[in-house]
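Quick notes on the structure that follows.
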Amino acid sequence: VLDSRDEILPAGATWSPATVTAPVVGYATYSAEVADGCSWANGVIARFTADVVEELVNDLAIFAAASMPGEHPTLGWQDSTVIVSWEHDDGASTTLVEIDRTRPDADGRYPIGAYLWPWQYA
């Protein structure tokens with residue numbers, strides 16, 4: 001895993017406030033900023049304040065506890081970096097596998113799931 005996926009946001013993007021959702025978060029809704037005119041795989045590029053990331057951390061912990069291993073990612077903090085992991089169940093044990101790290105961008109926002117989760121307008 002790279003230390004972080006730097007430079008993943010569209011260069012020169014303008015951002016608009018929006019409420020977004022995604023299947024990976026159980027279609028819960030979150031306040032975000034969305035890159036105007038940028039989309040991929042039927043999703044938008046969203047970024048979140050640290051407060052909203054904390055909501056995601058808490059909500060995903062609840063979703064993961066109430067579901068089968070690997071149905072929802074987990075988020076955690078390491079200093080100012082957000083660690084994204086998925087549970088892997090091999091039938092004998094469950095382990096947490098780190099798949100992404102996200103640091104805040106120049107505006108202090110976190111592009112959680114950018115190009116990985118199809119965020120959609122709620």
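Residues in the structure tokens are named by chain (A, B, ... in the order shown) and by number from 1 within that chain; ligands are numbered from 1 in the order shown.
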
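Using only C-alpha atoms, the protein and nucleic acid residues lying no more than 8 Å from Asp89 in chain A, apart from those fewer than 6 places from it along its own chain, are Pro69, Gly70 and Thr95 of chain A.
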
Produce a file of the selected residues containing N, CA and C atoms, as a PDB file, in the first residue's frame.
```pdb
ATOM      1  N   PRO A  69     -18.365 -10.147   7.748  1.00  0.00           N
ATOM      2  CA  PRO A  69     -17.032  -9.588   7.487  1.00  0.00           C
ATOM      3  C   PRO A  69     -16.868  -9.233   6.008  1.00  0.00           C
ATOM      4  N   GLY A  70     -16.311  -8.049   5.757  1.00  0.00           N
ATOM      5  CA  GLY A  70     -16.034  -7.631   4.389  1.00  0.00           C
ATOM      6  C   GLY A  70     -17.170  -6.933   3.673  1.00  0.00           C
ATOM      7  N   THR A  95      -9.210 -11.082   9.308  1.00  0.00           N
ATOM      8  CA  THR A  95      -8.126 -10.107   9.456  1.00  0.00           C
ATOM      9  C   THR A  95      -8.528  -8.811   8.773  1.00  0.00           C
TER      10      THR A  95
END
```

Tell me which protein, DNA and RNA residues are within 10 Å of Ala32 in chain A, counting only C-alpha atoms, leaving out same-chain ones fewer than 2 positions away, and put them as a ChimeraX atom specification.
/A:15-21,29-30,34-35,45-49,52-53,109-111,121

Could you give me the residues within range 48-94 of chain A that DSSP places in helix (DSSP H, G or I), as a short mmCIF file (atom, residue, chain, number, x, y, z; two decimals) with all heavy atoms, in the first residue's frame?
```
data_model
loop_
_atom_site.label_atom_id
_atom_site.label_comp_id
_atom_site.auth_asym_id
_atom_site.auth_seq_id
_atom_site.Cartn_x
_atom_site.Cartn_y
_atom_site.Cartn_z
N ALA A 50 -12.91 16.93 8.18
CA ALA A 50 -12.52 15.95 9.20
C ALA A 50 -13.71 15.56 10.07
O ALA A 50 -13.81 14.39 10.48
CB ALA A 50 -11.38 16.51 10.04
N ASP A 51 -14.61 16.49 10.35
CA ASP A 51 -15.80 16.17 11.15
C ASP A 51 -16.67 15.13 10.46
O ASP A 51 -17.19 14.22 11.10
CB ASP A 51 -16.62 17.42 11.45
CG ASP A 51 -15.94 18.36 12.43
OD1 ASP A 51 -15.00 17.92 13.14
OD2 ASP A 51 -16.33 19.54 12.48
N VAL A 52 -16.84 15.28 9.15
CA VAL A 52 -17.66 14.31 8.40
C VAL A 52 -16.93 12.97 8.31
O VAL A 52 -17.55 11.91 8.42
CB VAL A 52 -18.04 14.86 7.01
CG1 VAL A 52 -18.74 13.80 6.18
CG2 VAL A 52 -18.92 16.10 7.15
N VAL A 53 -15.61 13.01 8.17
CA VAL A 53 -14.85 11.75 8.18
C VAL A 53 -15.06 11.03 9.50
O VAL A 53 -15.23 9.80 9.53
CB VAL A 53 -13.34 11.99 7.91
CG1 VAL A 53 -12.56 10.69 8.10
CG2 VAL A 53 -13.12 12.55 6.52
N GLU A 54 -15.09 11.77 10.60
CA GLU A 54 -15.34 11.14 11.90
C GLU A 54 -16.73 10.49 11.93
O GLU A 54 -16.89 9.40 12.49
CB GLU A 54 -15.19 12.16 13.03
CG GLU A 54 -15.17 11.55 14.40
CD GLU A 54 -14.03 10.56 14.62
OE1 GLU A 54 -12.94 10.72 14.05
OE2 GLU A 54 -14.26 9.60 15.39
N GLU A 55 -17.73 11.12 11.32
CA GLU A 55 -19.05 10.49 11.17
C GLU A 55 -18.94 9.18 10.40
O GLU A 55 -19.54 8.17 10.77
CB GLU A 55 -20.02 11.41 10.43
CG GLU A 55 -20.52 12.59 11.19
CD GLU A 55 -21.47 13.42 10.33
OE1 GLU A 55 -22.41 12.86 9.74
OE2 GLU A 55 -21.24 14.65 10.23
N LEU A 56 -18.18 9.22 9.29
CA LEU A 56 -17.98 8.00 8.50
C LEU A 56 -17.29 6.91 9.32
O LEU A 56 -17.68 5.74 9.24
CB LEU A 56 -17.13 8.32 7.26
CG LEU A 56 -17.85 8.98 6.10
CD1 LEU A 56 -16.86 9.67 5.16
CD2 LEU A 56 -18.68 7.97 5.34
N VAL A 57 -16.27 7.27 10.08
CA VAL A 57 -15.58 6.31 10.94
C VAL A 57 -16.59 5.62 11.86
O VAL A 57 -16.64 4.39 11.95
CB VAL A 57 -14.47 7.00 11.77
CG1 VAL A 57 -13.94 6.08 12.87
CG2 VAL A 57 -13.33 7.47 10.88
N ASN A 58 -17.41 6.42 12.54
CA ASN A 58 -18.38 5.87 13.49
C ASN A 58 -19.46 5.06 12.81
O ASN A 58 -19.81 3.96 13.27
CB ASN A 58 -18.99 7.00 14.32
CG ASN A 58 -17.97 7.68 15.21
OD1 ASN A 58 -17.01 7.06 15.67
ND2 ASN A 58 -18.14 8.96 15.44
N ASP A 59 -20.02 5.57 11.72
CA ASP A 59 -21.09 4.86 11.01
C ASP A 59 -20.58 3.53 10.45
O ASP A 59 -21.26 2.50 10.57
CB ASP A 59 -21.66 5.70 9.87
CG ASP A 59 -22.51 6.86 10.37
OD1 ASP A 59 -22.78 6.94 11.59
OD2 ASP A 59 -22.88 7.70 9.53
N LEU A 60 -19.40 3.54 9.85
CA LEU A 60 -18.88 2.30 9.27
C LEU A 60 -18.55 1.27 10.34
O LEU A 60 -18.68 0.07 10.11
CB LEU A 60 -17.68 2.59 8.37
CG LEU A 60 -18.06 3.24 7.04
CD1 LEU A 60 -16.82 3.75 6.31
CD2 LEU A 60 -18.84 2.28 6.16
N ALA A 61 -18.16 1.70 11.53
CA ALA A 61 -17.93 0.76 12.63
C ALA A 61 -19.24 0.08 13.01
O ALA A 61 -19.28 -1.14 13.26
CB ALA A 61 -17.33 1.49 13.83
N ILE A 62 -20.32 0.85 13.03
CA ILE A 62 -21.64 0.28 13.34
C ILE A 62 -22.07 -0.68 12.23
O ILE A 62 -22.53 -1.79 12.50
CB ILE A 62 -22.68 1.40 13.54
CG1 ILE A 62 -22.35 2.19 14.81
CG2 ILE A 62 -24.10 0.83 13.59
CD1 ILE A 62 -23.11 3.49 14.93
N PHE A 63 -21.91 -0.27 10.96
CA PHE A 63 -22.29 -1.13 9.84
C PHE A 63 -21.50 -2.43 9.87
O PHE A 63 -22.05 -3.51 9.67
CB PHE A 63 -22.05 -0.44 8.49
CG PHE A 63 -22.88 0.79 8.25
CD1 PHE A 63 -22.40 1.78 7.41
CD2 PHE A 63 -24.11 0.97 8.83
CE1 PHE A 63 -23.14 2.93 7.17
CE2 PHE A 63 -24.87 2.11 8.60
CZ PHE A 63 -24.38 3.09 7.76
N ALA A 64 -20.19 -2.34 10.10
CA ALA A 64 -19.33 -3.53 10.11
C ALA A 64 -19.71 -4.49 11.23
O ALA A 64 -19.72 -5.71 11.05
CB ALA A 64 -17.86 -3.13 10.21
N ALA A 65 -20.04 -3.94 12.40
CA ALA A 65 -20.42 -4.79 13.53
C ALA A 65 -21.73 -5.52 13.30
O ALA A 65 -21.94 -6.60 13.85
CB ALA A 65 -20.51 -3.93 14.81
#
```

Tell me which protein, DNA and RNA residues are within 9 Å of Val82 in chain A, counting only C-alpha atoms, leaving out same-chain ones fewer than 2 positions away, and put them as a compact mmCIF listing (two decimals) with C-alpha atoms, in the first residue's frame.
```txt
# COMPACT_ATOMS: atom_id res chain seq x y z
CA VAL A 53 -14.85 11.75 8.18
CA LEU A 75 -11.91 3.74 8.67
CA GLY A 76 -9.39 4.77 11.27
CA TRP A 77 -7.06 7.64 12.02
CA GLN A 78 -3.28 7.59 12.09
CA ASP A 79 -2.36 11.16 12.98
CA SER A 80 -4.05 13.18 10.19
CA VAL A 84 -9.25 2.48 4.90
CA ASP A 100 -5.98 2.88 1.13
CA ARG A 101 -4.61 5.89 2.99
CA THR A 102 -5.96 9.38 2.52
CA ARG A 103 -4.36 12.59 3.72
CA PRO A 104 -6.09 15.96 3.75
CA TYR A 110 -10.34 14.23 2.66
CA ILE A 112 -12.36 9.30 1.04
```

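Between CA of Ala28 in chain A and CA of Thr81 in chain A there is a distance of 22.6 Å.
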
Across A:Val44, A:Ala11, A:Met68, A:Val97, the smallest distance to Ala114 in chain A, with only C-alpha atoms counted, is shown by A:Val44

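Taking only C-alpha atoms into account, Gly37 in chain A lies nearest to A:Thr14 out of the set A:Ala66, A:Ala106, A:Gly113, A:Thr14.
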
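Counting from CA of Pro73 in chain A, the distance to CA of Gly91 in chain A is 18.5 Å.
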
For Ala41 in chain A, list every protein, DNA or RNA residue within 12 Å, evaluated using only C-alpha atoms, and leave out those in the same chain fewer than 3 positions away; present the list as a PyMOL selection string.
chain A and resi 38+44-45+114-120

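When the distance limit is 8 Å and only C-alpha atoms are what count, the residues near Leu96 in chain A, minus those fewer than 2 positions from it on the same chain, are Ser85, Trp86, Glu87, His88, Thr94 and Glu98 of chain A.
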
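Between CA of Glu71 in chain A and CA of Asp105 in chain A the separation is 27.9 Å.
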
According to DSSP computed on the backbone, where in chain A is there strand (DSSP E)? Give the residues as an NGL selection string.
:A and (15-21 or 30-40 or 43-47 or 74-78 or 81-89 or 94-102 or 120-121)

Let me see the file: selected residues, C-alpha atoms, as a CSV table (one decimal), in the first residue's frame.
```csv
chain,number,residue,atom,x,y,z
A,15,TRP,CA,-16.0,22.4,-5.7
A,16,SER,CA,-19.7,22.7,-4.9
A,17,PRO,CA,-21.4,21.7,-1.6
A,18,ALA,CA,-23.5,18.5,-2.0
A,19,THR,CA,-25.0,15.7,0.0
A,20,VAL,CA,-23.7,12.3,-1.2
A,21,THR,CA,-24.3,8.6,-0.6
A,30,TYR,CA,-23.0,12.9,4.1
A,31,SER,CA,-22.2,16.5,3.6
A,32,ALA,CA,-19.4,16.9,1.0
A,33,GLU,CA,-17.9,19.0,-1.7
A,34,VAL,CA,-18.1,17.5,-5.2
A,35,ALA,CA,-15.8,18.3,-8.1
A,36,ASP,CA,-17.9,20.1,-10.7
A,37,GLY,CA,-18.0,18.3,-14.0
A,38,CYS,CA,-15.9,15.4,-12.8
A,39,SER,CA,-17.3,11.9,-12.7
A,40,TRP,CA,-16.2,8.3,-13.1
A,43,GLY,CA,-20.0,8.4,-9.5
A,44,VAL,CA,-18.8,11.8,-8.4
A,45,ILE,CA,-15.5,12.8,-6.8
A,46,ALA,CA,-16.3,13.9,-3.2
A,47,ARG,CA,-14.2,15.3,-0.4
A,74,THR,CA,-13.6,0.4,8.2
A,75,LEU,CA,-11.9,3.7,8.7
A,76,GLY,CA,-9.4,4.8,11.3
A,77,TRP,CA,-7.1,7.6,12.0
A,78,GLN,CA,-3.3,7.6,12.1
A,81,THR,CA,-4.2,10.3,7.7
A,82,VAL,CA,-7.3,8.2,7.3
A,83,ILE,CA,-6.7,4.4,6.9
A,84,VAL,CA,-9.3,2.5,4.9
A,85,SER,CA,-9.4,-1.3,5.6
A,86,TRP,CA,-11.6,-4.2,4.7
A,87,GLU,CA,-12.1,-7.4,6.7
A,88,HIS,CA,-11.0,-10.6,5.1
A,89,ASP,CA,-12.5,-13.8,6.3
A,94,THR,CA,-10.9,-12.6,10.1
A,95,THR,CA,-8.1,-10.1,9.5
A,96,LEU,CA,-8.2,-6.4,8.7
A,97,VAL,CA,-6.5,-5.6,5.3
A,98,GLU,CA,-5.5,-2.0,4.7
A,99,ILE,CA,-6.4,-0.9,1.1
A,100,ASP,CA,-6.0,2.9,1.1
A,101,ARG,CA,-4.6,5.9,3.0
A,102,THR,CA,-6.0,9.4,2.5
A,120,GLN,CA,-23.6,9.7,-5.8
A,121,TYR,CA,-25.8,12.8,-5.2
```
